[in-house]
>>> print(open('structure09.txt').read())   # compact mmCIF, C-alpha atoms and all ligand atoms
# COMPACT_ATOMS: atom_id res chain seq x y z
CA MET A 3 0.00 0.00 0.00
CA MET A 4 1.13 3.58 0.50
CA THR A 5 4.84 3.71 1.14
CA ASP A 6 5.78 7.28 0.27
CA GLY A 7 5.23 9.27 3.43
CA SER A 8 5.45 12.55 1.54
CA LEU A 9 2.40 11.70 -0.54
CA ILE A 10 0.01 10.54 2.10
CA SER A 11 -2.33 12.75 3.99
CA ALA A 12 -2.20 13.31 7.68
CA ALA A 13 -5.46 11.39 7.96
CA ALA A 14 -3.90 8.43 6.17
CA ARG A 15 -0.81 8.52 8.35
CA ASN A 16 -2.99 8.54 11.39
CA SER A 17 -4.97 5.62 10.06
CA ILE A 18 -1.85 3.66 9.16
CA HIS A 19 -0.90 4.01 12.80
CA ALA A 20 -4.39 2.98 13.76
CA MET A 21 -4.32 -0.26 11.82
CA GLN A 22 -1.14 -1.44 13.47
CA GLY A 23 -2.68 -2.32 16.80
CA CYS A 24 -4.92 -5.32 16.92
CA ALA A 25 -7.69 -6.39 14.58
CA ARG A 26 -7.66 -3.16 12.65
CA VAL A 27 -8.32 -4.39 9.15
CA LEU A 28 -11.64 -2.69 8.62
CA ALA A 29 -10.34 0.56 10.03
CA PHE A 30 -7.56 0.22 7.50
CA VAL A 31 -9.96 -0.29 4.60
CA LEU A 32 -11.99 2.70 5.67
CA ALA A 33 -8.87 4.83 6.07
CA THR A 34 -7.63 3.84 2.63
CA LEU A 35 -10.92 4.92 1.13
CA ILE A 36 -10.79 8.22 2.95
CA ALA A 37 -7.22 8.80 1.86
CA GLY A 38 -8.07 7.91 -1.71
CA VAL A 39 -11.01 10.28 -1.90
CA SER A 40 -9.43 13.34 -0.43
CA SER A 41 -6.58 14.55 1.64
CA VAL A 42 -8.14 17.90 2.44
CA HIS A 43 -9.93 16.47 5.46
CA ALA A 44 -6.68 15.89 7.26
CA ASP A 45 -7.01 17.03 10.81
CA ALA A 46 -3.86 18.89 11.71
CA THR A 47 -4.48 18.29 15.38
CA ASP A 48 -4.33 14.50 14.84
CA THR A 49 -0.76 14.72 13.60
CA GLN A 50 0.17 16.51 16.78
CA LYS A 51 -1.54 14.03 19.08
CA PRO A 52 0.80 12.97 21.88
CA LYS A 53 1.99 9.37 22.08
CA LEU A 54 -0.19 8.87 25.14
CA GLY A 55 -3.16 10.93 26.28
CA PRO A 56 -3.72 12.20 29.81
CA LEU A 57 -4.91 8.83 31.15
CA ALA A 58 -1.65 6.89 30.68
CA VAL A 59 1.88 7.32 32.00
CA THR A 60 4.84 5.39 30.67
CA ILE A 61 6.94 3.02 32.74
CA GLN A 62 9.86 5.36 32.19
CA GLN A 63 7.99 8.25 33.72
CA SER A 64 6.83 6.15 36.66
CA HIS A 65 8.91 3.25 37.98
CA GLU A 66 9.17 3.89 41.70
CA TYR A 67 6.60 1.20 42.43
CA LEU A 68 8.69 -1.42 40.68
CA ARG A 69 11.77 -0.42 42.69
CA THR A 70 10.00 -0.48 46.04
CA HIS A 71 7.69 -3.49 45.71
CA GLU A 72 8.19 -7.11 44.76
CA ALA A 73 5.88 -6.90 41.75
CA PRO A 74 6.09 -10.65 41.09
CA ASP A 75 4.00 -10.62 37.93
CA TYR A 76 6.12 -7.88 36.40
CA TRP A 77 9.28 -9.91 36.93
CA ALA A 78 7.63 -13.10 35.69
CA LEU A 79 6.33 -11.44 32.52
CA SER A 80 8.77 -8.71 31.54
CA PRO A 81 11.63 -11.06 30.52
CA TYR A 82 9.23 -12.46 27.92
CA TYR A 83 7.79 -9.13 26.70
CA VAL A 84 7.27 -9.44 22.95
CA PRO A 85 5.77 -7.33 20.17
CA GLN A 86 2.74 -8.77 18.38
CA ILE A 87 3.97 -10.23 15.10
CA THR A 88 1.19 -8.68 13.00
CA GLY A 89 -1.24 -5.82 13.40
CA SER A 90 -3.87 -8.36 14.50
CA ALA A 91 -1.75 -10.71 16.62
CA CYS A 92 -2.15 -9.17 20.07
CA SER A 93 -3.85 -12.33 21.35
CA LEU A 94 -0.94 -14.46 20.15
CA ALA A 95 1.66 -12.24 21.80
CA THR A 96 -0.36 -12.05 25.01
CA VAL A 97 -0.74 -15.82 25.30
CA ALA A 98 2.93 -16.43 24.42
CA MET A 99 3.97 -14.12 27.26
CA LEU A 100 1.60 -15.90 29.66
CA LEU A 101 2.91 -19.35 28.77
CA ASN A 102 6.56 -18.34 29.05
CA ALA A 103 5.93 -16.65 32.38
CA GLN A 104 4.10 -19.62 33.85
CA ARG A 105 6.40 -22.21 32.34
CA GLY A 106 9.62 -20.47 33.26
CA LEU A 107 12.93 -20.56 31.45
CA PRO A 108 13.56 -24.03 30.00
CA PRO A 109 16.70 -25.74 31.34
CA LEU A 110 18.58 -26.78 28.22
CA SER A 111 20.49 -24.70 25.72
CA THR A 112 18.50 -26.28 22.92
CA ASP A 113 15.11 -25.60 24.54
CA GLU A 114 13.13 -22.89 22.83
CA LEU A 115 10.93 -20.29 24.45
CA VAL A 116 7.30 -20.11 23.40
CA THR A 117 7.13 -17.90 20.34
CA GLN A 118 4.00 -16.67 18.61
CA GLU A 119 4.82 -18.90 15.65
CA SER A 120 5.48 -22.01 17.75
CA LEU A 121 2.35 -21.31 19.78
CA LEU A 122 0.21 -21.35 16.65
CA GLU A 123 1.90 -24.54 15.53
CA SER A 124 1.44 -26.21 18.92
CA VAL A 125 -2.20 -25.28 19.19
CA GLY A 126 -2.83 -26.19 15.58
CA GLY A 127 -5.46 -23.51 15.28
CA GLU A 128 -6.15 -22.63 11.65
CA ALA A 129 -8.83 -20.19 12.73
CA TRP A 130 -6.48 -18.46 15.17
CA ALA A 131 -3.82 -18.23 12.46
CA ARG A 132 -6.32 -16.62 10.10
CA GLU A 133 -7.65 -14.22 12.72
CA THR A 134 -4.18 -13.07 13.75
CA ALA A 135 -2.60 -12.82 10.27
CA GLU A 136 -1.83 -9.34 8.97
CA HIS A 137 -5.20 -7.58 8.49
CA GLY A 138 -6.90 -10.51 10.23
CA GLU A 139 -10.18 -9.84 11.98
CA GLY A 140 -8.90 -10.49 15.49
CA VAL A 141 -10.56 -12.51 18.22
CA THR A 142 -13.62 -12.06 20.40
CA PHE A 143 -13.35 -12.20 24.17
CA ASP A 144 -14.72 -15.77 24.21
CA GLU A 145 -12.30 -16.82 21.48
CA PHE A 146 -9.47 -15.24 23.43
CA LYS A 147 -10.40 -17.37 26.45
CA ALA A 148 -10.61 -20.47 24.28
CA TYR A 149 -7.13 -19.83 22.85
CA VAL A 150 -5.68 -19.28 26.31
CA THR A 151 -7.15 -22.66 27.27
CA LEU A 152 -5.72 -24.35 24.18
CA GLY A 153 -2.32 -22.75 24.74
CA LEU A 154 -2.12 -23.94 28.33
CA LYS A 155 -3.08 -27.44 27.25
CA ALA A 156 -0.58 -27.48 24.38
CA TYR A 157 2.27 -26.70 26.77
CA GLY A 158 1.05 -29.00 29.54
CA LEU A 159 0.33 -26.22 32.01
CA ASP A 160 -2.29 -27.05 34.61
CA ALA A 161 -4.19 -23.86 35.36
CA ASP A 162 -7.62 -22.47 36.13
CA ILE A 163 -9.04 -19.56 34.17
CA GLY A 164 -11.24 -17.10 35.99
CA VAL A 165 -13.30 -14.57 34.04
CA PHE A 166 -14.06 -10.99 35.05
CA LYS A 167 -16.54 -9.60 32.55
CA PRO A 168 -17.98 -6.32 33.81
CA SER A 169 -21.02 -4.71 32.28
CA ASP A 170 -20.95 -1.42 34.15
CA ALA A 171 -18.63 0.96 35.95
CA SER A 172 -20.56 1.02 39.20
CA PRO A 173 -18.77 1.37 42.54
CA ALA A 174 -19.50 -2.30 43.23
CA THR A 175 -17.92 -3.41 39.95
CA LEU A 176 -14.92 -1.16 40.54
CA ALA A 177 -14.53 -2.66 44.00
CA MET A 178 -14.53 -6.16 42.49
CA LEU A 179 -11.87 -5.14 39.99
CA ARG A 180 -9.73 -3.61 42.72
CA ARG A 181 -10.00 -6.75 44.86
CA MET A 182 -8.92 -8.94 41.96
CA LEU A 183 -6.02 -6.68 41.02
CA ALA A 184 -4.82 -6.54 44.63
CA ASP A 185 -5.12 -10.32 45.12
CA ASN A 186 -3.31 -10.95 41.86
CA GLU A 187 -0.43 -8.68 42.84
CA ARG A 188 0.62 -11.04 45.64
CA SER A 189 2.28 -13.76 43.56
CA ALA A 190 3.14 -14.86 40.06
CA ASP A 191 1.06 -18.00 40.48
CA ASP A 192 -1.68 -16.06 38.79
CA ILE A 193 -1.43 -13.78 35.77
CA LEU A 194 -4.05 -11.35 34.48
CA LEU A 195 -4.69 -10.93 30.76
CA VAL A 196 -6.76 -7.96 29.76
CA TYR A 197 -9.06 -7.61 26.75
CA TYR A 198 -9.76 -3.89 26.52
CA ASN A 199 -10.33 -0.88 24.32
CA GLN A 200 -6.82 0.40 23.79
CA GLY A 201 -7.88 3.93 22.86
CA VAL A 202 -9.72 4.54 26.12
CA VAL A 203 -6.32 4.26 27.81
CA THR A 204 -3.91 5.61 25.19
CA GLY A 205 -6.13 8.28 23.62
CA ASP A 206 -5.66 6.89 20.14
CA TRP A 207 -7.03 3.88 18.23
CA ASP A 208 -10.58 2.98 19.27
CA GLY A 209 -10.82 -0.80 19.24
CA PRO A 210 -10.30 -4.10 21.07
CA HIS A 211 -6.84 -5.16 22.15
CA THR A 212 -5.22 -7.64 24.53
CA SER A 213 -2.13 -7.54 26.74
CA PRO A 214 -0.91 -8.90 30.09
CA ILE A 215 -1.14 -6.83 33.26
CA GLY A 216 2.33 -6.31 34.69
CA ALA A 217 1.59 -4.85 38.10
CA TYR A 218 -0.94 -3.09 40.31
CA ASP A 219 -0.06 -0.29 42.66
CA THR A 220 -2.77 -0.73 45.28
CA GLU A 221 -2.08 2.62 46.96
CA ALA A 222 -2.03 4.73 43.81
CA ARG A 223 -4.66 2.47 42.21
CA LYS A 224 -2.65 2.31 39.00
CA VAL A 225 -2.41 -0.68 36.68
CA LEU A 226 0.67 -1.38 34.56
CA ILE A 227 -0.24 -2.73 31.12
CA LEU A 228 2.53 -4.49 29.20
CA ASP A 229 1.09 -3.45 25.86
CA VAL A 230 2.19 -5.94 23.18
CA ASP A 231 1.54 -3.29 20.49
CA ARG A 232 5.24 -2.51 20.69
CA LYS A 233 5.42 -0.85 17.32
CA PHE A 234 3.81 2.12 19.03
CA TYR A 235 3.95 1.66 22.78
CA ILE A 236 6.01 0.81 25.79
CA PRO A 237 4.45 -0.34 29.08
CA TYR A 238 2.17 2.26 30.63
CA TRP A 239 0.25 2.83 33.81
CA THR A 240 -3.39 3.83 33.95
CA SER A 241 -5.91 4.12 36.75
CA ASP A 242 -8.05 1.13 37.63
CA GLU A 243 -11.07 3.31 36.87
CA THR A 244 -9.82 3.98 33.34
CA LEU A 245 -9.12 0.29 32.89
CA LEU A 246 -12.71 -0.49 33.87
CA ASP A 247 -13.94 2.06 31.34
CA ALA A 248 -11.74 0.38 28.71
CA LEU A 249 -13.19 -3.04 29.56
CA ILE A 250 -16.79 -2.03 29.04
CA ARG A 251 -16.51 0.17 25.96
CA PRO A 252 -18.09 -1.73 23.03
CA ALA A 253 -16.02 -2.09 19.86
CA PRO A 254 -17.19 0.45 17.28
CA GLU A 255 -19.18 -0.23 14.13
CA ASN A 256 -16.11 -0.56 11.88
CA GLN A 257 -14.73 -3.57 13.75
CA GLY A 258 -16.37 -6.32 11.71
CA LYS A 259 -17.16 -9.38 13.78
CA LEU A 260 -15.84 -7.58 16.86
CA LYS A 261 -18.45 -4.84 16.56
CA GLY A 262 -20.09 -4.34 19.94
CA GLU A 263 -17.56 -6.59 21.68
CA THR A 264 -16.71 -5.60 25.21
CA GLY A 265 -13.73 -6.70 27.21
CA GLY A 266 -12.80 -8.33 30.45
CA ILE A 267 -9.94 -9.92 32.32
CA LEU A 268 -8.81 -13.54 32.36
CA ARG A 269 -7.15 -14.61 35.58
CA VAL A 270 -4.95 -17.60 34.85
CA THR A 271 -3.99 -19.38 38.06
CA MET A 272 -1.56 -22.27 38.20
CA ARG A 273 -3.08 -25.18 40.11
CA PRO A 274 -1.33 -26.46 43.26
CA GLY A 275 1.51 -28.70 42.18
CA ALA A 276 1.43 -27.36 38.65
CA ARG A 277 4.88 -25.92 39.10
CA ALA A 278 6.16 -29.47 38.86
CA LEU A 279 5.25 -29.23 35.18
CA ARG A 280 7.72 -26.44 34.78
CA PRO A 281 11.23 -27.25 33.65
CA ALA A 282 13.83 -26.73 36.36
CA GLN A 283 15.01 -23.14 36.67
CA CA B 1 -0.24 -12.53 40.10
>>> encode(input="structure09.txt", output="structure tokens")
Amino acid sequence: MMTDGSLISAAARNSIHAMQGCARVLAFVLATLIAGVSSVHADATDTQKPKLGPLAVTIQQSHEYLRTHEAPDYWALSPYYVPQITGSACSLATVAMLLNAQRGLPPLSTDELVTQESLLESVGGEAWARETAEHGEGVTFDEFKAYVTLGLKAYGLDADIGVFKPSDASPATLAMLRRMLADNERSADDILLVYYNQGVVTGDWDGPHTSPIGAYDTEARKVLILDVDRKFYIPYWTSDETLLDALIRPAPENQGKLKGETGGILRVTMRPGARALRPAQ
């Protein structure tokens, strides 16, 4: 498609960015049409949009929590932090990070880590491969859960999957989210995977996305998201309230099969004794 940056409109540049997150194919088609029809609608303010809006703070701007707390999930996940291999592969990258974190570093020099490619091969999911290919349509929340289940099974990891699927941002729902985040912060035996509207947090692309949660600062009530959309982002903090808003925002009309999809959190907890499945570390 368009490769000459000097010829494309600001709107097209913005949309090229937008399609690089997760499941952005239809946004891309729409953007291409817009760019092809006219470039006079370019919104100059879009080109000056900051990397992150006011609701997110990068890990570089805020890392005191990680220096003063154990943050077990952060240290379990961050060594395996990978960029999604296509614009639609956030679910693949998220599950690969989960499996590596829960499996641990394999003992032998010849042992491979879980990659997004080997994960697809191990699961044998043609549908998942199609959904996560470049310009693929992405996965629904239920499909995401199903692929997490298949991934755990493929790598022999014995775990339970809890589902937090909020439908409102009431004080009671926020309290439930806070309890789960605080409980999860205690050990790396459980890992949280979030299916959320990325733009609610980052101020940019409005659509569904997945990533692992790296940490939760219970005092500041900030959540660290290890965003696998690494072409554009580094890990960032956001408030638990913003995260809840991002979970319940329905995917917009241009999201194909994901239209209307809302998010949630999968809590993947290793069963007692499951660590024996892990290679020695
Ligand atoms: Ca945990």
>>> residues_around(input="structure09.txt", residues="stretch 66-75 of chain A", least_positions_apart="2", cutoff="9 Å", atoms="only C-alpha atoms", output="list in words")
Ser64, Trp77, Ala78, Leu79, Ser80, Ala103, Asn186, Glu187, Arg188, Ser189, Ala190, Asp191, Asp192, Ile193, Leu194, Ile215, Gly216, Ala217, Tyr218 and Asp219 of chain A
>>> closest_residue(input="structure09.txt", among="A:Val116, A:Leu246, A:Ile87, A:Leu268", to="ligand CA 1 (chain B)", atoms="only C-alpha atoms and all ligand atoms")
A:Leu268
>>> closest_residue(input="structure09.txt", among="A:Lys224, A:Thr117, A:Asp242, A:Val203", to="A:Tyr83", atoms="all atoms listed in the file")
A:Thr117
>>> atom_distance(input="structure09.txt", atom1="atom CA of A:Gly266", atom2="atom CA of A:Glu119")
25.3 Å
>>> closest_residue(input="structure09.txt", among="A:Ala253, A:Leu101, A:Val230, A:Val125", to="A:Gln86", atoms="only C-alpha atoms")
A:Val230
>>> atom_distance(input="structure09.txt", atom1="atom CA of A:Gly205", atom2="atom CA of A:Tyr82")
26.2 Å
>>> atom_distance(input="structure09.txt", atom1="atom CA of A:Pro52", atom2="atom CA of A:Asp229")
16.9 Å
>>> residues_around(input="structure09.txt", residues="A:Val202", least_positions_apart="3", cutoff="10 Å", atoms="all atoms listed in the file", output="list in words")
Gly55, Leu57, Ala58, Tyr198, Asn199, Gly205, Asp206, Trp207, Asp208, Gly209, Thr244, Leu245, Leu246, Asp247, Ala248, Leu249 and Arg251 of chain A
>>> residues_around(input="structure09.txt", residues="A:His211", least_positions_apart="3", cutoff="12 Å", atoms="all atoms listed in the file", output="PDB file with C-alpha atoms, in the frame of the given file")
ATOM      1  CA  ALA A  20      -4.390   2.980  13.760  1.00  0.00           C
ATOM      2  CA  MET A  21      -4.320  -0.260  11.820  1.00  0.00           C
ATOM      3  CA  GLN A  22      -1.140  -1.440  13.470  1.00  0.00           C
ATOM      4  CA  GLY A  23      -2.680  -2.320  16.800  1.00  0.00           C
ATOM      5  CA  CYS A  24      -4.920  -5.320  16.920  1.00  0.00           C
ATOM      6  CA  ALA A  25      -7.690  -6.390  14.580  1.00  0.00           C
ATOM      7  CA  ARG A  26      -7.660  -3.160  12.650  1.00  0.00           C
ATOM      8  CA  GLN A  86       2.740  -8.770  18.380  1.00  0.00           C
ATOM      9  CA  GLY A  89      -1.240  -5.820  13.400  1.00  0.00           C
ATOM     10  CA  SER A  90      -3.870  -8.360  14.500  1.00  0.00           C
ATOM     11  CA  ALA A  91      -1.750 -10.710  16.620  1.00  0.00           C
ATOM     12  CA  CYS A  92      -2.150  -9.170  20.070  1.00  0.00           C
ATOM     13  CA  SER A  93      -3.850 -12.330  21.350  1.00  0.00           C
ATOM     14  CA  LEU A  94      -0.940 -14.460  20.150  1.00  0.00           C
ATOM     15  CA  ALA A  95       1.660 -12.240  21.800  1.00  0.00           C
ATOM     16  CA  THR A  96      -0.360 -12.050  25.010  1.00  0.00           C
ATOM     17  CA  THR A 134      -4.180 -13.070  13.750  1.00  0.00           C
ATOM     18  CA  GLU A 139     -10.180  -9.840  11.980  1.00  0.00           C
ATOM     19  CA  GLY A 140      -8.900 -10.490  15.490  1.00  0.00           C
ATOM     20  CA  VAL A 141     -10.560 -12.510  18.220  1.00  0.00           C
ATOM     21  CA  THR A 142     -13.620 -12.060  20.400  1.00  0.00           C
ATOM     22  CA  PHE A 143     -13.350 -12.200  24.170  1.00  0.00           C
ATOM     23  CA  PHE A 146      -9.470 -15.240  23.430  1.00  0.00           C
ATOM     24  CA  LEU A 195      -4.690 -10.930  30.760  1.00  0.00           C
ATOM     25  CA  VAL A 196      -6.760  -7.960  29.760  1.00  0.00           C
ATOM     26  CA  TYR A 197      -9.060  -7.610  26.750  1.00  0.00           C
ATOM     27  CA  TYR A 198      -9.760  -3.890  26.520  1.00  0.00           C
ATOM     28  CA  ASN A 199     -10.330  -0.880  24.320  1.00  0.00           C
ATOM     29  CA  GLN A 200      -6.820   0.400  23.790  1.00  0.00           C
ATOM     30  CA  GLY A 201      -7.880   3.930  22.860  1.00  0.00           C
ATOM     31  CA  VAL A 202      -9.720   4.540  26.120  1.00  0.00           C
ATOM     32  CA  VAL A 203      -6.320   4.260  27.810  1.00  0.00           C
ATOM     33  CA  THR A 204      -3.910   5.610  25.190  1.00  0.00           C
ATOM     34  CA  TRP A 207      -7.030   3.880  18.230  1.00  0.00           C
ATOM     35  CA  ASP A 208     -10.580   2.980  19.270  1.00  0.00           C
ATOM     36  CA  PRO A 214      -0.910  -8.900  30.090  1.00  0.00           C
ATOM     37  CA  ILE A 227      -0.240  -2.730  31.120  1.00  0.00           C
ATOM     38  CA  LEU A 228       2.530  -4.490  29.200  1.00  0.00           C
ATOM     39  CA  ASP A 229       1.090  -3.450  25.860  1.00  0.00           C
ATOM     40  CA  VAL A 230       2.190  -5.940  23.180  1.00  0.00           C
ATOM     41  CA  ASP A 231       1.540  -3.290  20.490  1.00  0.00           C
ATOM     42  CA  ALA A 248     -11.740   0.380  28.710  1.00  0.00           C
ATOM     43  CA  LEU A 249     -13.190  -3.040  29.560  1.00  0.00           C
ATOM     44  CA  ARG A 251     -16.510   0.170  25.960  1.00  0.00           C
ATOM     45  CA  PRO A 252     -18.090  -1.730  23.030  1.00  0.00           C
ATOM     46  CA  ALA A 253     -16.020  -2.090  19.860  1.00  0.00           C
ATOM     47  CA  GLN A 257     -14.730  -3.570  13.750  1.00  0.00           C
ATOM     48  CA  LEU A 260     -15.840  -7.580  16.860  1.00  0.00           C
ATOM     49  CA  GLU A 263     -17.560  -6.590  21.680  1.00  0.00           C
ATOM     50  CA  THR A 264     -16.710  -5.600  25.210  1.00  0.00           C
ATOM     51  CA  GLY A 265     -13.730  -6.700  27.210  1.00  0.00           C
ATOM     52  CA  GLY A 266     -12.800  -8.330  30.450  1.00  0.00           C
ATOM     53  CA  ILE A 267      -9.940  -9.920  32.320  1.00  0.00           C
TER      54      ILE A 267
END
>>> closest_residue(input="structure09.txt", among="A:Leu159, A:Ile250, A:Leu154, A:Ile236", to="A:Ala171", atoms="all atoms listed in the file")
A:Ile250
>>> closest_residue(input="structure09.txt", among="A:Ala131, A:Val59, A:Leu100, A:Ala174", to="ligand CA 1 (chain B)", atoms="all atoms listed in the file")
A:Leu100
>>> closest_residue(input="structure09.txt", among="A:Glu123, A:Asp185, A:Asp160, A:Glu243", to="A:Ser172", atoms="all atoms listed in the file")
A:Glu243
>>> residues_around(input="structure09.txt", residues="A:Gln62", least_positions_apart="6", cutoff="12 Å", atoms="all atoms listed in the file", output="PyMOL selection string")
chain A and resi 68+226+235-239
>>> build_atoms(input="structure09.txt", residues="stretch 135-144 of chain A", atoms="all heavy atoms", output="mmCIF file, in the frame of the given file")
data_model
loop_
_atom_site.group_PDB
_atom_site.id
_atom_site.type_symbol
_atom_site.label_atom_id
_atom_site.label_comp_id
_atom_site.auth_asym_id
_atom_site.auth_seq_id
_atom_site.Cartn_x
_atom_site.Cartn_y
_atom_site.Cartn_z
ATOM 1 N N ALA A 135 -3.463 -13.193 11.404
ATOM 2 C CA ALA A 135 -2.600 -12.820 10.270
ATOM 3 C C ALA A 135 -2.703 -11.317 10.032
ATOM 4 O O ALA A 135 -3.619 -10.661 10.533
ATOM 5 C CB ALA A 135 -3.049 -13.581 9.026
ATOM 6 N N GLU A 136 -1.756 -10.773 9.262
ATOM 7 C CA GLU A 136 -1.830 -9.340 8.970
ATOM 8 C C GLU A 136 -3.196 -9.005 8.360
ATOM 9 O O GLU A 136 -3.640 -9.689 7.438
ATOM 10 C CB GLU A 136 -0.709 -8.955 8.000
ATOM 11 C CG GLU A 136 -0.434 -7.456 7.983
ATOM 12 C CD GLU A 136 0.052 -6.929 9.345
ATOM 13 O OE1 GLU A 136 1.207 -7.209 9.714
ATOM 14 O OE2 GLU A 136 -0.745 -6.253 10.020
ATOM 15 N N HIS A 137 -3.847 -7.998 8.876
ATOM 16 C CA HIS A 137 -5.200 -7.580 8.490
ATOM 17 C C HIS A 137 -6.256 -8.623 8.875
ATOM 18 O O HIS A 137 -7.377 -8.571 8.377
ATOM 19 C CB HIS A 137 -5.300 -7.284 6.993
ATOM 20 C CG HIS A 137 -4.261 -6.308 6.511
ATOM 21 N ND1 HIS A 137 -3.919 -5.179 7.215
ATOM 22 C CD2 HIS A 137 -3.476 -6.315 5.410
ATOM 23 C CE1 HIS A 137 -2.978 -4.526 6.568
ATOM 24 N NE2 HIS A 137 -2.681 -5.189 5.472
ATOM 25 N N GLY A 138 -5.906 -9.555 9.735
ATOM 26 C CA GLY A 138 -6.900 -10.510 10.230
ATOM 27 C C GLY A 138 -7.943 -9.808 11.084
ATOM 28 O O GLY A 138 -7.735 -8.679 11.548
ATOM 29 N N GLU A 139 -9.061 -10.508 11.318
ATOM 30 C CA GLU A 139 -10.180 -9.840 11.980
ATOM 31 C C GLU A 139 -10.073 -9.832 13.501
ATOM 32 O O GLU A 139 -10.921 -9.240 14.175
ATOM 33 C CB GLU A 139 -11.495 -10.489 11.552
ATOM 34 C CG GLU A 139 -11.579 -11.960 11.863
ATOM 35 C CD GLU A 139 -12.812 -12.609 11.237
ATOM 36 O OE1 GLU A 139 -13.698 -11.871 10.778
ATOM 37 O OE2 GLU A 139 -12.875 -13.836 11.209
ATOM 38 N N GLY A 140 -9.043 -10.479 14.040
ATOM 39 C CA GLY A 140 -8.900 -10.490 15.490
ATOM 40 C C GLY A 140 -9.797 -11.510 16.154
ATOM 41 O O GLY A 140 -10.466 -12.305 15.486
ATOM 42 N N VAL A 141 -9.803 -11.502 17.481
ATOM 43 C CA VAL A 141 -10.560 -12.510 18.220
ATOM 44 C C VAL A 141 -11.538 -11.842 19.178
ATOM 45 O O VAL A 141 -11.289 -10.756 19.695
ATOM 46 C CB VAL A 141 -9.616 -13.449 19.019
ATOM 47 C CG1 VAL A 141 -8.641 -14.137 18.092
ATOM 48 C CG2 VAL A 141 -8.869 -12.707 20.125
ATOM 49 N N THR A 142 -12.654 -12.521 19.404
ATOM 50 C CA THR A 142 -13.620 -12.060 20.400
ATOM 51 C C THR A 142 -13.099 -12.406 21.793
ATOM 52 O O THR A 142 -12.130 -13.173 21.943
ATOM 53 C CB THR A 142 -14.975 -12.749 20.205
ATOM 54 O OG1 THR A 142 -14.797 -14.162 20.424
ATOM 55 C CG2 THR A 142 -15.538 -12.517 18.800
ATOM 56 N N PHE A 143 -13.755 -11.885 22.800
ATOM 57 C CA PHE A 143 -13.350 -12.200 24.170
ATOM 58 C C PHE A 143 -13.449 -13.709 24.424
ATOM 59 O O PHE A 143 -12.543 -14.315 25.006
ATOM 60 C CB PHE A 143 -14.212 -11.431 25.171
ATOM 61 C CG PHE A 143 -13.824 -11.669 26.601
ATOM 62 C CD1 PHE A 143 -12.765 -10.979 27.167
ATOM 63 C CD2 PHE A 143 -14.513 -12.595 27.374
ATOM 64 C CE1 PHE A 143 -12.390 -11.208 28.488
ATOM 65 C CE2 PHE A 143 -14.144 -12.827 28.694
ATOM 66 C CZ PHE A 143 -13.090 -12.131 29.253
ATOM 67 N N ASP A 144 -14.547 -14.322 23.987
ATOM 68 C CA ASP A 144 -14.720 -15.770 24.210
ATOM 69 C C ASP A 144 -13.666 -16.577 23.447
ATOM 70 O O ASP A 144 -13.167 -17.587 23.954
ATOM 71 C CB ASP A 144 -16.129 -16.207 23.786
ATOM 72 C CG ASP A 144 -17.193 -15.724 24.757
ATOM 73 O OD1 ASP A 144 -16.841 -15.346 25.891
ATOM 74 O OD2 ASP A 144 -18.385 -15.714 24.377
#
